[in-house]
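Only one structure is covered here, and it is reproduced in the block below.
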Amino acid sequence: MSIGIGTRSRAIKRDGLNGNSETDCTVYTKQVRIVGTGPAALMAGSKLVLEGFSVSFYEHKKAAARKFLVAGHGGFNLSNAQPTADFVEKYTHTEIKKCVERFDNQQLVLFFEQIGIPTYVGSTGKIFPAKGIKPIEVLNAWMNWLKSNGAVFYMEHKCIDFTETQVCFSTKQGIQWVDFDFLVMALGGGSWTKTGSDGSWVELFETKEIDVEPFVASNAGMNVSFTSDPSHVAGEVFKNVVATMGVMEKKGEITLTTYGFEGAPIYYLNRAFRDNPLDPLVIDFKPQLPLERVVEVIKSAPNPSQALKNLKLSKATRWLLKSQLTKSDFTNPMLLAAHVKAFSLKIDSLRSMEEAISTAGGVDWRELHSDFSLKKYPKIFLCGEMLNWDAPTGGYLLQAAFATGHWVGAAVAHTTK
Ligand SMILES: Cc1cc2nc3c(=O)[nH]c(=O)nc-3n(C[C@H](O)[C@H](O)[C@H](O)COP(=O)(O)OP(=O)(O)OC[C@H]3O[C@@H](n4cnc5c(N)ncnc54)[C@H](O)[C@@H]3O)c2cc1C
């Protein structure tokens, strides 16, 4: 019997996550091409090889998943151990919430365990690969597992066009048109372009009349016009502060820089800034002390500078308060205490998209069916950061990339059954 496109036959189906075994089962001979090698693409491919599909990955850089590796600098925060009901509240779009409900942090941990990457939960609830496992080892384990399940990787293949049945790559050998039964695109957002996630696909999608919400920086630092030069305290951290903007609030560490602020609370408040840029950033430098206690400490000190030291405020905090407040506010104990508890600052702008950890914006949801296939090209499925959603750092971005990849992999498999 011939195994033509779209037929099913008795053959080798991938056996769980541990390799292949010859079983009497269905194998799908349809060719799935996946463009991109980031976490969304790799997870879509993983679901598909487990379903018995023949999968090929195409990446325009020389090496795979460079942004995934960059995310591993300074700790590889794969996900977060929050309960799913709280977890999904971090996402702006219901479509992403549904994906994360279906493929949640526990399923992710199980997946990594099964490909040989144990994980652990850090003190703040973030999920990391077990200590000593480097980001490149995670990637290698994953790619080797995919290869052992028949996946093929083509590097230096830039997707430059597609039709309903073919995808076109620019390669060193020239232009190549490749047939597909299903195409998965996981081309990423528009920040850190040197990693390959350069958003150049947006122009192509626009020529196909597929609406894309313009990218904006997300999880980016904030620019502030300080009234004096902060160079001597740049790099210092405000520890255990609570930052507020509009109705959004986040506890954590903020780093003072020459241009403004960086750090998890700042990234979290990006959305609040985009919604209402005129709202000030308000920082409580002593969230554990009530205002009355701060007033007492300040009043009992011989001068305001000593008062701030008695409050155990860092050098950077003391510089910020002294340099940015008027003399009359700084020398008035009641007003100084109020500023310690609610220091208010106008934010000029977010740092550039290039520097941002992620981008909000992407393919408009109205262009997609609920299985994330394109309405104009039903054999093409999209996943990851190229879709229009936003979330804070803390593992939520990667979990969404994994979960949307899994969603699309399952959808392609379901379409064939
Ligand atoms: C500095 C930094 C730190 C981060 N830290 C964290 C963190 O701690 N926790 C967290 O959850 N997230 C973090 N992230 C975010 C996370 O890395 C991304 O959200 C995630 O990688 C997105 O996955 P993706 O698969 O959708 O896209 P990407 O990982 O961007 O992958 C897209 C891939 O497609 C390829 N590609 C693009 N266009 C083409 C084309 N035309 N042809 C062929 N290939 C193409 C790209 O080269 C790339 O390999 C961080 C990001 C950065 C930059």
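By convention in this document, the chains of the structure tokens carry letters A, B, ... by their order, each chain's residues are numbered from 1, and ligands are numbered from 1 in the order they are shown.
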
Residues within 7 Å of ligand 1, counting only C-alpha atoms and all ligand atoms, as a VMD selection string: chain A and resid 35 to 41 58 to 61 64 to 68 70 to 72 76 to 79 157 to 160 186 to 189 191 to 192 195 to 201 356 to 358 383 to 386 393 to 399 401

Could you pull out the residues in region 46-272 of chain A that DSSP calls strand (DSSP E) from the backbone, as a count of residues only? 68

Using only C-alpha atoms, determine which residues lie at most 9 Å from Ala403 (chain A), disregarding the query and same-chain residues fewer than 3 positions distant; provide the list as a list in words.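 Non-adjacent residues within range: Ala40, Met43, Ala44, Ile96, Cys99, Val100, Glu101, Arg102, Phe103, Asp104, Leu108, Cys383, Gly384, Leu398, Gln399, Ala400, His406, Trp407 and Val408 of chain A.
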
Just write the chosen residues, N, CA and C atoms, as a PDB file, in the first residue's frame.
```pdb
ATOM      1  N   ALA A  40       8.153  28.288  21.392  1.00  0.00           N
ATOM      2  CA  ALA A  40       6.817  27.981  20.851  1.00  0.00           C
ATOM      3  C   ALA A  40       6.934  26.941  19.736  1.00  0.00           C
ATOM      4  N   MET A  43       7.958  23.476  21.078  1.00  0.00           N
ATOM      5  CA  MET A  43       6.883  22.759  21.772  1.00  0.00           C
ATOM      6  C   MET A  43       5.820  22.278  20.772  1.00  0.00           C
ATOM      7  N   ALA A  44       5.546  23.081  19.740  1.00  0.00           N
ATOM      8  CA  ALA A  44       4.598  22.624  18.704  1.00  0.00           C
ATOM      9  C   ALA A  44       5.145  21.347  18.070  1.00  0.00           C
ATOM     10  N   ILE A  96      -4.931  33.157  25.233  1.00  0.00           N
ATOM     11  CA  ILE A  96      -3.705  32.663  25.874  1.00  0.00           C
ATOM     12  C   ILE A  96      -4.051  31.963  27.188  1.00  0.00           C
ATOM     13  N   CYS A  99      -4.972  28.441  26.491  1.00  0.00           N
ATOM     14  CA  CYS A  99      -3.806  27.595  26.177  1.00  0.00           C
ATOM     15  C   CYS A  99      -3.080  27.194  27.455  1.00  0.00           C
ATOM     16  N   VAL A 100      -2.893  28.183  28.357  1.00  0.00           N
ATOM     17  CA  VAL A 100      -2.130  27.912  29.581  1.00  0.00           C
ATOM     18  C   VAL A 100      -2.942  27.017  30.523  1.00  0.00           C
ATOM     19  N   GLU A 101      -4.269  27.126  30.472  1.00  0.00           N
ATOM     20  CA  GLU A 101      -5.087  26.193  31.269  1.00  0.00           C
ATOM     21  C   GLU A 101      -4.895  24.768  30.759  1.00  0.00           C
ATOM     22  N   ARG A 102      -4.792  24.636  29.440  1.00  0.00           N
ATOM     23  CA  ARG A 102      -4.656  23.290  28.880  1.00  0.00           C
ATOM     24  C   ARG A 102      -3.241  22.728  29.075  1.00  0.00           C
ATOM     25  N   PHE A 103      -2.243  23.567  28.877  1.00  0.00           N
ATOM     26  CA  PHE A 103      -0.849  23.130  29.061  1.00  0.00           C
ATOM     27  C   PHE A 103      -0.254  24.040  30.130  1.00  0.00           C
ATOM     28  N   ASP A 104      -0.379  23.602  31.374  1.00  0.00           N
ATOM     29  CA  ASP A 104       0.001  24.479  32.488  1.00  0.00           C
ATOM     30  C   ASP A 104       1.425  24.193  32.980  1.00  0.00           C
ATOM     31  N   LEU A 108       4.295  21.337  31.975  1.00  0.00           N
ATOM     32  CA  LEU A 108       5.602  21.760  31.468  1.00  0.00           C
ATOM     33  C   LEU A 108       6.733  21.080  32.243  1.00  0.00           C
ATOM     34  N   CYS A 383       1.840  30.556  16.534  1.00  0.00           N
ATOM     35  CA  CYS A 383       1.947  30.444  18.000  1.00  0.00           C
ATOM     36  C   CYS A 383       3.078  31.327  18.529  1.00  0.00           C
ATOM     37  N   GLY A 384       3.075  31.524  19.838  1.00  0.00           N
ATOM     38  CA  GLY A 384       4.154  32.262  20.506  1.00  0.00           C
ATOM     39  C   GLY A 384       3.951  33.766  20.501  1.00  0.00           C
ATOM     40  N   LEU A 398       7.453  32.727  28.792  1.00  0.00           N
ATOM     41  CA  LEU A 398       7.855  31.418  28.259  1.00  0.00           C
ATOM     42  C   LEU A 398       6.722  30.409  28.369  1.00  0.00           C
ATOM     43  N   GLN A 399       5.984  30.418  29.487  1.00  0.00           N
ATOM     44  CA  GLN A 399       4.883  29.453  29.617  1.00  0.00           C
ATOM     45  C   GLN A 399       3.861  29.657  28.485  1.00  0.00           C
ATOM     46  N   ALA A 400       3.622  30.923  28.128  1.00  0.00           N
ATOM     47  CA  ALA A 400       2.674  31.185  27.038  1.00  0.00           C
ATOM     48  C   ALA A 400       3.234  30.696  25.704  1.00  0.00           C
ATOM     49  N   HIS A 406       2.052  24.112  22.159  1.00  0.00           N
ATOM     50  CA  HIS A 406       1.354  22.850  22.427  1.00  0.00           C
ATOM     51  C   HIS A 406      -0.049  22.886  21.830  1.00  0.00           C
ATOM     52  N   TRP A 407      -0.713  24.017  21.962  1.00  0.00           N
ATOM     53  CA  TRP A 407      -2.083  24.196  21.460  1.00  0.00           C
ATOM     54  C   TRP A 407      -2.123  23.958  19.950  1.00  0.00           C
ATOM     55  N   VAL A 408      -1.164  24.562  19.260  1.00  0.00           N
ATOM     56  CA  VAL A 408      -1.104  24.471  17.800  1.00  0.00           C
ATOM     57  C   VAL A 408      -0.722  23.046  17.364  1.00  0.00           C
TER      58      VAL A 408
END
```

So the first atom is CA of Ile34 (chain A) and the second is CA of Trp389 (chain A); what is the distance between them in Å, to one decimal place?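 So the answer is 21.0 Å.
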
Running DSSP on the backbone, which parts of region 252-359 of chain A land in helix (DSSP H, G or I), as an MDAnalysis selection string? chainID A and resid 264:268 270:275 291:299 304:310 315:324 327:331 333:341 353:355

Output N, CA and C atoms for every residue in that selection, as a compact mmCIF listing (two decimals), in the first residue's frame.
```txt
# COMPACT_ATOMS: atom_id res chain seq x y z
N ALA A 264 11.77 44.04 37.99
CA ALA A 264 10.48 43.36 37.82
C ALA A 264 9.26 44.27 38.05
N PRO A 265 9.24 45.10 39.12
CA PRO A 265 8.05 45.95 39.30
C PRO A 265 7.87 46.94 38.14
N ILE A 266 9.01 47.42 37.62
CA ILE A 266 8.96 48.37 36.50
C ILE A 266 8.39 47.68 35.26
N TYR A 267 8.87 46.47 35.00
CA TYR A 267 8.38 45.73 33.83
C TYR A 267 6.88 45.46 33.97
N TYR A 268 6.50 45.08 35.20
CA TYR A 268 5.10 44.76 35.45
C TYR A 268 4.21 45.98 35.16
N ASN A 270 4.62 48.32 32.98
CA ASN A 270 4.65 48.81 31.59
C ASN A 270 3.23 49.01 31.03
N ARG A 271 2.39 48.02 31.33
CA ARG A 271 1.04 48.08 30.77
C ARG A 271 0.29 49.30 31.32
N ALA A 272 0.47 49.56 32.62
CA ALA A 272 -0.18 50.72 33.23
C ALA A 272 0.31 52.00 32.56
N PHE A 273 1.61 52.05 32.28
CA PHE A 273 2.16 53.25 31.63
C PHE A 273 1.57 53.41 30.22
N ARG A 274 1.52 52.29 29.49
CA ARG A 274 0.98 52.39 28.12
C ARG A 274 -0.48 52.83 28.15
N ASP A 275 -1.23 52.35 29.17
CA ASP A 275 -2.66 52.71 29.26
C ASP A 275 -2.83 54.18 29.63
N LEU A 291 3.02 54.85 57.99
CA LEU A 291 3.45 56.25 57.86
C LEU A 291 3.81 56.87 59.22
N GLU A 292 2.98 56.59 60.23
CA GLU A 292 3.20 57.19 61.56
C GLU A 292 4.60 56.83 62.10
N ARG A 293 5.01 55.58 61.89
CA ARG A 293 6.31 55.13 62.38
C ARG A 293 7.45 55.85 61.62
N VAL A 294 7.24 56.03 60.32
CA VAL A 294 8.25 56.73 59.51
C VAL A 294 8.37 58.17 60.01
N VAL A 295 7.23 58.80 60.30
CA VAL A 295 7.24 60.18 60.82
C VAL A 295 8.04 60.22 62.14
N GLU A 296 7.76 59.25 63.01
CA GLU A 296 8.46 59.21 64.31
C GLU A 296 9.97 59.13 64.13
N VAL A 297 10.41 58.23 63.27
CA VAL A 297 11.86 58.05 63.05
C VAL A 297 12.46 59.34 62.50
N ILE A 298 11.76 59.97 61.57
CA ILE A 298 12.30 61.20 60.97
C ILE A 298 12.37 62.32 62.02
N LYS A 299 11.31 62.43 62.81
CA LYS A 299 11.27 63.52 63.81
C LYS A 299 12.36 63.34 64.87
N PRO A 304 17.38 65.66 58.25
CA PRO A 304 16.71 64.74 57.30
C PRO A 304 17.64 63.67 56.75
N SER A 305 18.90 64.03 56.47
CA SER A 305 19.82 63.04 55.90
C SER A 305 20.04 61.89 56.88
N GLN A 306 20.24 62.25 58.17
CA GLN A 306 20.42 61.22 59.19
C GLN A 306 19.14 60.40 59.35
N ALA A 307 18.00 61.09 59.23
CA ALA A 307 16.71 60.40 59.37
C ALA A 307 16.58 59.28 58.34
N LEU A 308 17.00 59.58 57.10
CA LEU A 308 16.89 58.56 56.03
C LEU A 308 17.85 57.41 56.31
N LYS A 309 19.02 57.74 56.92
CA LYS A 309 19.95 56.65 57.29
C LYS A 309 19.33 55.81 58.40
N ASN A 310 18.71 56.47 59.38
CA ASN A 310 18.08 55.74 60.49
C ASN A 310 16.96 54.82 59.99
N LYS A 315 21.79 54.10 49.85
CA LYS A 315 22.42 55.33 49.34
C LYS A 315 21.64 55.87 48.13
N ALA A 316 21.21 54.96 47.27
CA ALA A 316 20.49 55.39 46.05
C ALA A 316 19.15 56.01 46.42
N THR A 317 18.47 55.43 47.41
CA THR A 317 17.16 55.98 47.82
C THR A 317 17.37 57.37 48.43
N ARG A 318 18.41 57.46 49.24
CA ARG A 318 18.68 58.76 49.88
C ARG A 318 19.02 59.81 48.81
N TRP A 319 19.80 59.40 47.81
CA TRP A 319 20.13 60.33 46.73
C TRP A 319 18.85 60.77 46.00
N LEU A 320 18.00 59.77 45.71
CA LEU A 320 16.78 60.06 44.94
C LEU A 320 15.90 61.08 45.68
N LEU A 321 15.70 60.82 46.98
CA LEU A 321 14.82 61.71 47.74
C LEU A 321 15.43 63.11 47.85
N LYS A 322 16.72 63.15 48.18
CA LYS A 322 17.36 64.46 48.39
C LYS A 322 17.44 65.26 47.09
N SER A 323 17.77 64.57 46.00
CA SER A 323 17.99 65.32 44.75
C SER A 323 16.69 65.69 44.03
N GLN A 324 15.64 64.90 44.23
CA GLN A 324 14.44 65.16 43.45
C GLN A 324 13.38 65.98 44.21
N LYS A 327 13.63 71.61 48.60
CA LYS A 327 14.24 71.74 49.93
C LYS A 327 13.15 71.79 51.01
N SER A 328 12.07 72.49 50.71
CA SER A 328 11.01 72.62 51.73
C SER A 328 10.36 71.26 52.02
N ASP A 329 10.20 70.42 51.03
CA ASP A 329 9.64 69.08 51.27
C ASP A 329 10.65 68.21 52.02
N PHE A 330 11.92 68.32 51.61
CA PHE A 330 12.95 67.45 52.21
C PHE A 330 13.14 67.76 53.69
N THR A 331 12.98 69.00 54.06
CA THR A 331 13.26 69.39 55.45
C THR A 331 12.01 69.37 56.34
N PRO A 333 9.48 67.12 58.20
CA PRO A 333 9.38 65.71 58.57
C PRO A 333 8.11 65.02 58.04
N MET A 334 6.99 65.72 58.12
CA MET A 334 5.73 65.12 57.67
C MET A 334 5.77 64.87 56.16
N LEU A 335 6.25 65.88 55.42
CA LEU A 335 6.28 65.74 53.95
C LEU A 335 7.34 64.72 53.52
N LEU A 336 8.50 64.74 54.21
CA LEU A 336 9.54 63.77 53.87
C LEU A 336 9.03 62.33 54.11
N ALA A 337 8.33 62.15 55.23
CA ALA A 337 7.77 60.82 55.52
C ALA A 337 6.77 60.41 54.44
N ALA A 338 5.96 61.37 54.03
CA ALA A 338 4.97 61.07 52.97
C ALA A 338 5.68 60.65 51.68
N HIS A 339 6.82 61.29 51.39
CA HIS A 339 7.57 60.93 50.17
C HIS A 339 8.24 59.56 50.32
N VAL A 340 8.70 59.25 51.53
CA VAL A 340 9.30 57.91 51.74
C VAL A 340 8.24 56.85 51.46
N LYS A 341 7.01 57.12 51.87
CA LYS A 341 5.93 56.13 51.70
C LYS A 341 5.29 56.18 50.32
N MET A 353 12.11 49.40 22.04
CA MET A 353 11.65 48.03 21.80
C MET A 353 12.83 47.08 21.69
N GLU A 354 13.92 47.57 21.11
CA GLU A 354 15.10 46.74 20.92
C GLU A 354 15.60 46.15 22.26
N GLU A 355 15.53 46.96 23.31
CA GLU A 355 16.02 46.54 24.62
C GLU A 355 15.00 45.76 25.43
```

Residues within 9 Å of Gly75 (chain A), only C-alpha atoms, excluding chain neighbours under 4 positions, as an NGL selection string: :A and (71 or 128-129 or 134-135)

What does the file look like for those residues with N, CA and C atoms, as a short mmCIF file (atom, residue, chain, number, x, y, z; two decimals), in the first residue's frame?
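As written to disk, selection_31.cif reads:
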```
data_model
loop_
_atom_site.label_atom_id
_atom_site.label_comp_id
_atom_site.auth_asym_id
_atom_site.auth_seq_id
_atom_site.Cartn_x
_atom_site.Cartn_y
_atom_site.Cartn_z
N ALA A 71 17.17 34.46 27.32
CA ALA A 71 16.27 34.46 28.50
C ALA A 71 16.90 33.69 29.65
N PHE A 128 12.81 26.88 37.57
CA PHE A 128 14.11 26.87 36.86
C PHE A 128 14.52 25.44 36.55
N PRO A 129 15.42 25.26 35.56
CA PRO A 129 16.05 23.94 35.43
C PRO A 129 16.86 23.66 36.70
N LYS A 134 22.81 24.23 32.48
CA LYS A 134 22.93 25.51 31.76
C LYS A 134 21.83 25.61 30.68
N PRO A 135 21.44 26.85 30.30
CA PRO A 135 20.43 27.03 29.24
C PRO A 135 20.76 26.23 27.97
#
```

Return the single residue from A:His73, A:His414, A:Thr163, A:Ala63 that is closest to Trp177 (chain A), with distances computed using only C-alpha atoms.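 Checking each of A:His73, A:His414, A:Thr163, A:Ala63 against Trp177 (chain A), counting only C-alpha atoms, the winner is A:Thr163.
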
When you look at Thr415 (chain A) with a cut-off of 10 Å (counting only C-alpha atoms), what residues show up, excluding the ones that are within fewer than 4 positions of it in the same chain? I need them as a list in words. Phe182, Asp371, Lys379, Ala410 and Ala411 of chain A

Generate the output file for the selected residues, C-alpha atoms, as a PDB file, in the first residue's frame.
```
ATOM      1  CA  PHE A 182       0.587  22.118   7.500  1.00  0.00           C
ATOM      2  CA  ASP A 371      -7.225  26.623  16.799  1.00  0.00           C
ATOM      3  CA  LYS A 379      -3.324  25.173   6.787  1.00  0.00           C
ATOM      4  CA  ALA A 410      -2.583  19.515  19.181  1.00  0.00           C
ATOM      5  CA  ALA A 411      -4.723  21.450  16.702  1.00  0.00           C
TER       6      ALA A 411
END
```

Nearest residue to Ala151 (chain A) out of A:Gly246, A:Pro392, A:Gly45, A:Gly132, using only C-alpha atoms?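 Once distances to Ala151 (chain A) are computed over only C-alpha atoms, the minimum belongs to A:Gly45.
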
For Ser373 (chain A), which residue out of A:Pro230, A:Gln173, A:Asn80, A:Thr404 is the nearest one, using only C-alpha atoms?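 Nearest to Ser373 (chain A): A:Thr404.
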
Do a neighbour search on Thr119 (chain A) at 10 Å with only C-alpha atoms, toss out local chain neighbours closer than 3 positions, and write the hits as a list of chain:residue names.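 Residues meeting the cut-off are A:Leu78, A:Leu108, A:Val109, A:Leu110, A:Phe112, A:Glu113, A:Gly116, A:Gly122, A:Ile127, A:Phe128, A:Pro129, A:Ala130, A:Lys131, A:Ile133.
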
Residue with smallest distance to Asp348 (chain A) - pool A:Phe261, A:Phe205, A:Tyr91, A:Phe372, counting only C-alpha atoms: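 Distance minimum relative to Asp348 (chain A) lands on A:Phe261.
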
Quick one: pull the distance between CA of Leu146 (chain A) and CA of Gly409 (chain A), Å, one decimal.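 Interatomic distance, CA of Leu146 (chain A) to CA of Gly409 (chain A): 13.7 Å.
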
Pick the closest to Ser349 (chain A) from A:Leu278, A:Val241, A:Val247, A:Leu325: which is it, counting only C-alpha atoms?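 Counting only C-alpha atoms, the residue closest to Ser349 (chain A) is A:Leu278.
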
Between CA of Met222 (chain A) and CA of Tyr259 (chain A), distance in Å (one decimal):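 Separation between CA of Met222 (chain A) and CA of Tyr259 (chain A): 7.8 Å.
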
If you count only C-alpha atoms, which residues fall within 9 Å of Asp179 (chain A), apart from same-chain ones fewer than 5 positions away, as a compact mmCIF listing (two decimals) with N, CA and C atoms, in the first residue's frame?
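Generated file (around_15.txt):
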```
# COMPACT_ATOMS: atom_id res chain seq x y z
N GLN A 31 3.29 16.21 6.01
CA GLN A 31 4.51 16.97 6.28
C GLN A 31 4.15 18.25 7.03
N ARG A 33 5.81 21.58 8.38
CA ARG A 33 6.98 22.47 8.40
C ARG A 33 6.76 23.47 9.53
N THR A 165 -0.12 26.30 0.14
CA THR A 165 0.47 24.95 0.20
C THR A 165 2.00 24.95 0.17
N GLN A 166 2.60 26.11 0.02
CA GLN A 166 4.06 26.16 -0.09
C GLN A 166 4.62 27.30 0.75
N VAL A 167 5.84 27.08 1.23
CA VAL A 167 6.53 28.14 1.96
C VAL A 167 7.87 28.38 1.26
N CYS A 168 8.26 29.64 1.20
CA CYS A 168 9.47 30.00 0.45
C CYS A 168 10.57 30.47 1.42
```
